[in-house]
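**Student:** Sending over upload.txt (compact mmCIF, C-alpha atoms).
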# COMPACT_ATOMS: atom_id res chain seq x y z
CA MET A 185 -28.59 31.54 -74.50
CA GLY A 186 -31.89 33.33 -74.77
CA LEU A 187 -32.73 36.70 -76.17
CA ALA A 188 -32.29 38.56 -72.89
CA PRO A 189 -28.47 38.52 -72.54
CA TYR A 190 -28.03 39.91 -76.03
CA LEU A 191 -30.48 42.73 -75.37
CA ILE A 192 -28.72 43.57 -72.11
CA ILE A 193 -25.30 43.62 -73.79
CA SER A 194 -26.71 45.80 -76.54
CA MET A 195 -28.22 48.18 -74.01
CA ILE A 196 -24.89 48.46 -72.18
CA LEU A 197 -23.08 49.23 -75.44
CA PHE A 198 -25.66 51.87 -76.33
CA ILE A 199 -25.37 53.56 -72.93
CA LEU A 200 -21.56 53.55 -73.13
CA GLY A 201 -21.76 55.14 -76.56
CA ILE A 202 -24.08 57.86 -75.29
CA VAL A 203 -21.76 58.58 -72.35
CA VAL A 204 -18.79 58.86 -74.71
CA MET A 205 -20.71 61.18 -77.01
CA MET A 206 -21.86 63.47 -74.24
CA ALA A 207 -18.90 63.47 -71.89
CA ARG A 208 -15.77 63.47 -74.00
CA LYS A 209 -14.54 66.60 -75.69
CA ASN A 210 -12.50 65.14 -78.52
CA ILE A 211 -14.18 64.92 -81.91
CA ILE A 212 -12.60 61.57 -82.75
CA ALA A 213 -13.72 60.20 -79.39
CA ILE A 214 -17.26 61.26 -80.26
CA LEU A 215 -16.96 59.33 -83.53
CA LEU A 216 -15.86 56.29 -81.50
CA GLY A 217 -19.03 56.65 -79.43
CA ILE A 218 -21.15 56.74 -82.58
CA GLU A 219 -19.52 53.50 -83.74
CA LEU A 220 -20.42 51.90 -80.40
CA ILE A 221 -24.07 52.91 -80.81
CA LEU A 222 -24.24 51.58 -84.37
CA ASN A 223 -22.76 48.26 -83.23
CA ALA A 224 -25.36 47.99 -80.48
CA SER A 225 -28.21 48.47 -82.93
CA ALA A 226 -26.78 45.96 -85.41
CA LEU A 227 -26.39 43.39 -82.64
CA ASN A 228 -30.02 43.94 -81.68
CA PHE A 229 -31.18 43.30 -85.25
CA VAL A 230 -29.29 40.01 -85.49
CA ALA A 231 -30.46 38.86 -82.05
CA TYR A 232 -34.12 39.50 -82.86
CA SER A 233 -33.72 37.82 -86.24
CA ARG A 234 -32.32 34.73 -84.52
CA PHE A 235 -34.80 34.43 -81.68
CA LEU A 236 -38.10 35.91 -82.84
CA THR A 237 -38.34 35.26 -86.55
CA ASN A 238 -37.20 32.45 -88.74
CA ASN A 239 -36.06 34.57 -91.67
CA ILE A 240 -32.79 36.32 -92.22
CA ASP A 241 -33.93 39.89 -92.84
CA GLY A 242 -32.24 41.10 -89.67
CA HIS A 243 -28.92 40.08 -91.16
CA ILE A 244 -29.64 42.29 -94.17
CA PHE A 245 -30.41 45.24 -91.92
CA SER A 246 -27.24 44.62 -89.96
CA LEU A 247 -25.23 44.49 -93.16
CA PHE A 248 -26.59 47.84 -94.31
CA ILE A 249 -25.89 49.32 -90.89
CA ILE A 250 -22.26 48.26 -91.26
CA VAL A 251 -22.08 49.78 -94.76
CA VAL A 252 -23.54 53.10 -93.65
CA ALA A 253 -21.26 53.15 -90.59
CA ALA A 254 -18.21 52.68 -92.79
CA ALA A 255 -19.27 55.54 -95.07
CA GLU A 256 -20.04 57.73 -92.07
CA ALA A 257 -16.64 57.03 -90.51
CA ALA A 258 -14.83 57.91 -93.73
CA VAL A 259 -16.63 61.22 -94.23
CA GLY A 260 -16.52 62.10 -90.53
CA LEU A 261 -12.79 61.53 -90.25
CA ALA A 262 -12.21 63.52 -93.43
CA ILE A 263 -14.11 66.41 -91.86
CA VAL A 264 -12.07 66.03 -88.67
CA ILE A 265 -8.80 66.12 -90.57
CA ARG A 266 -9.92 69.19 -92.53
CA PHE A 267 -10.99 70.84 -89.29
CA PHE A 268 -7.60 70.10 -87.80
CA GLN A 269 -5.89 71.70 -90.79
CA VAL A 270 -7.90 74.87 -90.27
CA ARG A 271 -7.97 75.13 -86.48
CA LYS A 272 -4.95 73.10 -85.31
CA SER A 273 -7.21 71.47 -82.75
CA ILE A 274 -9.79 68.71 -82.50
CA HIS A 275 -11.59 70.05 -79.48
CA ILE A 276 -15.35 70.13 -79.84
CA ASP A 277 -15.69 73.59 -78.32
CA GLU A 278 -13.65 75.03 -81.17
CA ALA A 279 -16.24 73.85 -83.67
CA VAL A 280 -18.77 76.61 -83.28
CA TRP A 281 -18.20 78.40 -86.56
CA LEU A 282 -18.51 76.86 -89.98
CA ASN A 283 -16.27 79.41 -91.61
CA ASP A 284 -12.76 80.23 -90.43
CA GLU A 285 -13.55 83.89 -89.93
CA VAL A 286 -13.15 83.94 -86.15
CA MET B 20 -20.81 23.98 -74.73
CA PHE B 21 -18.44 25.67 -77.15
CA LEU B 22 -21.04 28.31 -77.90
CA THR B 23 -21.64 29.00 -74.22
CA VAL B 24 -17.94 29.50 -73.59
CA LEU B 25 -17.67 31.68 -76.69
CA PHE B 26 -20.66 33.71 -75.58
CA PHE B 27 -19.24 34.45 -72.15
CA LEU B 28 -15.80 35.27 -73.53
CA SER B 29 -17.26 37.60 -76.15
CA ALA B 30 -19.64 39.27 -73.74
CA THR B 31 -16.87 39.91 -71.24
CA LEU B 32 -14.57 41.24 -73.94
CA THR B 33 -17.30 43.48 -75.36
CA ILE B 34 -18.38 45.04 -72.08
CA ALA B 35 -14.89 45.42 -70.61
CA SER B 36 -13.56 47.00 -73.79
CA GLY B 37 -16.60 49.24 -74.03
CA ILE B 38 -16.00 50.52 -70.52
CA MET B 39 -12.35 51.07 -71.39
CA VAL B 40 -13.39 53.18 -74.38
CA VAL B 41 -15.19 55.46 -71.97
CA VAL B 42 -12.65 55.81 -69.19
CA VAL B 43 -9.22 55.58 -70.80
CA ARG B 44 -7.45 58.92 -71.08
CA ASN B 45 -5.24 58.36 -74.12
CA LEU B 46 -7.22 58.39 -77.34
CA MET B 47 -4.99 55.80 -78.99
CA HIS B 48 -5.62 53.35 -76.16
CA SER B 49 -9.31 54.13 -76.40
CA CYS B 50 -9.26 53.23 -80.09
CA MET B 51 -7.50 49.95 -79.27
CA ALA B 52 -10.20 49.19 -76.69
CA LEU B 53 -12.78 49.84 -79.38
CA LEU B 54 -11.02 47.22 -81.51
CA GLY B 55 -11.46 44.69 -78.69
CA CYS B 56 -15.10 45.67 -78.44
CA PHE B 57 -15.64 45.04 -82.16
CA ILE B 58 -13.96 41.63 -81.92
CA GLY B 59 -16.26 40.78 -79.02
CA VAL B 60 -19.32 41.79 -81.05
CA ALA B 61 -18.09 39.58 -83.91
CA GLY B 62 -17.91 36.67 -81.44
CA LEU B 63 -21.48 37.41 -80.37
CA TYR B 64 -22.53 37.27 -84.03
CA VAL B 65 -20.95 33.83 -84.27
CA THR B 66 -22.93 32.63 -81.27
CA LEU B 67 -26.07 33.91 -83.00
CA GLY B 68 -25.36 31.83 -86.07
CA ALA B 69 -24.64 34.87 -88.25
CA ASN B 70 -21.35 33.77 -89.71
CA PHE B 71 -21.37 36.10 -92.68
CA ILE B 72 -22.12 39.13 -90.54
CA ALA B 73 -19.29 38.14 -88.21
CA ALA B 74 -16.88 37.96 -91.14
CA VAL B 75 -18.08 41.32 -92.46
CA GLN B 76 -17.70 42.81 -89.00
CA PHE B 77 -14.13 41.61 -88.87
CA MET B 78 -13.22 42.86 -92.32
CA VAL B 79 -14.99 46.21 -92.31
CA TYR B 80 -14.63 47.28 -88.69
CA VAL B 81 -11.49 45.61 -87.45
CA GLY B 82 -9.66 45.87 -90.76
CA GLY B 83 -11.05 49.13 -92.05
CA VAL B 84 -12.68 51.52 -89.66
CA ILE B 85 -10.21 51.03 -86.80
CA ILE B 86 -7.25 51.58 -89.14
CA LEU B 87 -8.94 54.72 -90.46
CA MET B 88 -9.51 55.97 -86.92
CA LEU B 89 -5.89 55.25 -85.99
CA PHE B 90 -4.65 57.19 -89.00
CA ALA B 91 -6.91 60.09 -88.11
CA ILE B 92 -5.68 60.08 -84.51
CA MET B 93 -2.06 60.02 -85.63
CA LEU B 94 -2.60 62.74 -88.26
CA THR B 95 -4.21 65.04 -85.74
CA GLY B 96 -1.34 64.73 -83.33
CA ASN B 97 -3.03 63.01 -80.38
CA LYS B 98 -2.21 65.84 -78.07
CA PRO B 99 -3.11 65.38 -74.43
CA GLU B 100 -6.45 66.98 -73.88
CA GLU B 101 -5.32 69.09 -70.95
CA LYS B 102 -3.67 71.57 -73.25
CA VAL B 103 -6.91 72.54 -74.90
CA GLY B 104 -9.02 73.46 -71.93
CA SER B 105 -8.99 73.43 -68.19
CA PHE B 106 -10.18 69.97 -67.40
CA LEU B 107 -10.83 68.67 -63.95
CA LEU B 108 -11.25 65.14 -65.20
CA PRO B 109 -8.79 64.27 -67.94
CA ALA B 110 -10.69 61.76 -70.05
CA MET B 111 -14.07 63.30 -69.63
CA GLY B 112 -14.08 66.87 -70.79
CA ASN B 113 -15.14 68.98 -67.88
CA ARG B 114 -17.29 68.23 -64.89
CA ARG B 115 -20.47 69.59 -66.45
CA THR B 116 -20.37 67.30 -69.47
CA LEU B 117 -19.48 64.34 -67.26
CA THR B 118 -22.45 65.07 -65.02
CA TRP B 119 -24.85 65.37 -67.92
CA GLY B 120 -23.49 62.22 -69.52
CA LEU B 121 -23.98 60.23 -66.34
CA ILE B 122 -27.50 61.62 -65.85
CA THR B 123 -28.39 60.67 -69.42
CA ALA B 124 -26.94 57.21 -68.94
CA LEU B 125 -28.97 56.74 -65.77
CA VAL B 126 -32.22 57.87 -67.38
CA PHE B 127 -31.62 55.69 -70.40
CA PHE B 128 -30.73 52.70 -68.23
CA LEU B 129 -33.88 53.04 -66.16
CA SER B 130 -36.24 53.53 -69.09
CA VAL B 131 -34.83 50.80 -71.33
CA GLY B 132 -34.44 48.45 -68.39
CA LYS B 133 -38.08 48.97 -67.51
CA ILE B 134 -39.11 48.30 -71.11
CA LEU B 135 -37.02 45.13 -71.20
CA LEU B 136 -38.42 43.91 -67.88
CA GLY B 137 -41.94 44.54 -69.16
CA MET B 138 -41.18 42.60 -72.32
CA PHE B 139 -39.86 39.63 -70.43
CA GLY B 140 -42.73 39.87 -68.00
CA ILE B 141 -45.36 39.35 -70.69
CA GLY B 142 -43.76 36.21 -71.95
CA LEU B 143 -41.26 37.22 -74.57
CA GLY B 144 -38.51 35.70 -72.48
CA LYS B 145 -40.21 32.33 -72.52
CA LYS B 146 -39.86 31.96 -76.28
CA THR B 147 -36.92 29.85 -77.14
CA ALA B 148 -35.02 29.69 -80.36
CA PRO B 149 -37.36 28.51 -83.12
CA THR B 150 -35.49 25.52 -84.33
CA ASP B 151 -31.90 25.15 -83.36
CA PRO B 152 -30.19 25.29 -86.74
CA SER B 153 -26.76 23.87 -87.02
CA LEU B 154 -24.74 26.89 -86.10
CA PHE B 155 -22.07 26.60 -88.68
CA GLU B 156 -24.44 26.31 -91.56
CA SER B 157 -23.55 29.00 -94.06
CA THR B 158 -25.91 31.94 -94.43
CA VAL B 159 -24.12 33.41 -97.42
CA ASP B 160 -26.40 31.99 -100.10
CA GLU B 161 -29.56 33.16 -98.35
CA ILE B 162 -28.15 36.64 -97.84
CA GLY B 163 -27.02 36.80 -101.45
CA THR B 164 -30.40 35.72 -102.73
CA LEU B 165 -32.21 38.24 -100.56
CA LEU B 166 -29.83 41.04 -101.53
CA LEU B 167 -30.39 40.50 -105.22
CA THR B 168 -34.14 39.91 -105.10
CA ASP B 169 -35.99 41.65 -102.29
CA HIS B 170 -33.46 44.27 -101.27
CA VAL B 171 -31.88 45.02 -104.61
CA LEU B 172 -32.81 48.72 -104.55
CA ALA B 173 -31.13 49.25 -101.19
CA PHE B 174 -28.15 47.26 -102.40
CA GLU B 175 -27.64 49.43 -105.46
CA MET B 176 -28.23 52.62 -103.50
CA SER B 177 -25.60 51.57 -100.98
CA SER B 178 -23.10 51.31 -103.82
CA VAL B 179 -23.92 54.88 -104.84
CA LEU B 180 -23.60 55.91 -101.19
CA LEU B 181 -20.17 54.33 -100.91
CA LEU B 182 -18.99 56.01 -104.10
CA GLY B 183 -20.24 59.37 -102.87
CA ALA B 184 -18.59 58.87 -99.49
CA LEU B 185 -15.30 57.95 -101.12
CA ILE B 186 -15.22 60.99 -103.40
CA GLY B 187 -16.51 63.28 -100.69
CA ALA B 188 -13.91 62.14 -98.17
CA ALA B 189 -11.12 62.59 -100.70
CA ILE B 190 -12.30 66.09 -101.60
CA ILE B 191 -12.93 67.24 -98.04
CA ALA B 192 -9.62 66.03 -96.63
CA ARG B 193 -7.57 67.50 -99.49
CA PRO B 194 -5.04 70.05 -98.25
CA GLU B 195 -5.62 73.60 -99.23
CA THR B 196 -3.43 74.51 -102.19
CA SER B 197 -5.25 77.41 -103.78
CA LYS B 198 -3.62 80.05 -101.59
CA GLU B 199 -0.34 80.02 -103.48
CA LYS B 200 -1.97 80.79 -106.79
Take the structure in the file and give it back as structure tokens.

**Tutor:**
Amino acid sequence: MGLAPYLIISMILFILGIVVMMARKNIIAILLGIELILNASALNFVAYSRFLTNNIDGHIFSLFIIVVAAAEAAVGLAIVIRFFQVRKSIHIDEAVWLNDEV
Amino acid sequence: MFLTVLFFLSATLTIASGIMVVVVRNLMHSCMALLGCFIGVAGLYVTLGANFIAAVQFMVYVGGVIILMLFAIMLTGNKPEEKVGSFLLPAMGNRRTLTWGLITALVFFLSVGKILLGMFGIGLGKKTAPTDPSLFESTVDEIGTLLLTDHVLAFEMSSVLLLGALIGAAIIARPETSKEK
């Protein structure tokens, strides 16, 4: 396998993530789309590290991407759960005010 | 031979599950499709010789993030989305967001595809793998050495980031109890 199939798979994952982020209206679904995009970028790093360079720095980048994605998922889902406690909904169009005044 | 079979299995699993994440109506099923997508990406890591990253992908994503997402979906009720707004297309918000999402996907596909074609046209595609290392050689010791020598600052800062995320998530998701007082 060359570099090209990995780049094409990564591109497809990235595009699917963007479609999920733009088209779906559920906040948790948008978080799922963000996870897809982060996976695509991490896959790209490892593929380039395997096929273009001889070192292993791409693996380090991919590892840090996974760490940051885990932290982002934890904080994002906490915000979603808090939002659900306030608004009784997880629809993205409800999230236009930061305070619960309206 | 084994790696070729694994590559095609993982690629099929990744792309099919990714498409299911987009089109499936129920959010729980969508999350399960995302689990299949993560497993496929872990298989792709194995075909790239990145065994440690594949193991981390399994433990963090499949064991951690998906479970967290499932708990969040169950805690927020997983109501069918039709109750919230008037949707013409159930999984996709309304027609306007679907249209803009598809237009963005098309533009992105064309631009990135053109970049990739240009890259392979000027000879990047001709480069093969440098030296075919034995694919089940462990990369753990190299990654550990690099993490504690060259990238030690990022390593320590990621520990602070994880601590902050843990405390922040616990504080944000805490139920409101100050109203009774």

**Student:** Skip A:Glu219 itself and residues of its chain fewer than 2 positions away, then list as a PyMOL selection string all residues within 9 Å of it, counting only C-alpha atoms.

**Tutor:** (chain A and resi 201+214-217+221-224+253+257) or (chain B and resi 53)

**Student:** In terms of the shortest atom-to-atom distance over only C-alpha atoms, which of A:Arg208, A:Ser273, A:Leu220, A:Phe245 is closest to chain B?

**Tutor:**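 Of A:Arg208, A:Ser273, A:Leu220, A:Phe245, the one nearest chain B, counting only C-alpha atoms, is A:Arg208.
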
**Student:** Could you tell me which of A:Ile211, A:Ala258, A:Leu187, A:Leu247 comes closest to A:Asp277 if we count all atoms listed in the file?

**Tutor:**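 Using all atoms listed in the file, the shortest distance to A:Asp277 belongs to A:Ile211.
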
**Student:** Which polymer residues have any atom within 10 Å of an atom of A:Ala213, counting all atoms listed in the file, with same-chain residues fewer than 3 positions away left out, as a ChimeraX atom specification?

**Tutor:** /A:201,204-205,207-210,216-219,274 /B:40-41,46-47,49-50,88,92,110

**Student:** Find the residues in chain A near chain B: any atom within 8 Å counts, using only C-alpha atoms. Write them as a PyMOL selection string.

**Tutor:** chain A and resi 185-188+193+195-197+199-200+202-204+206-210+212-213+216+220+223+227+230-231+234-238+240+243-244+246-248+250-252+254-259+261-266+268-269+273-275

**Student:** What does the distance between atom CA of A:Tyr232 and atom CA of B:Val159 come to in Å, to one decimal place?

**Tutor:** 18.7 Å

**Student:** I'd like the interatomic distance between atom CA of B:Ala73 and atom CA of B:Gly55, to a tenth of an Å.

**Tutor:**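 Atom-to-atom, atom CA of B:Ala73 to atom CA of B:Gly55, that is 14.0 Å.
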
**Student:** Please, what is the axis-aligned box for every listed atom of stretch 57-62 of chain B with 4 Å on each side, as centre and edge lengths in Å to one decimal, as JSON?

**Tutor:**
{"center_x": -16.6, "center_y": 40.9, "center_z": -81.5, "size_x": 13.4, "size_y": 16.4, "size_z": 12.9}

**Student:** Go ahead and compute the interatomic distance for atom CA of B:Leu32 and atom CA of A:Pro189, in Å to one decimal.

**Tutor:** 14.2 Å
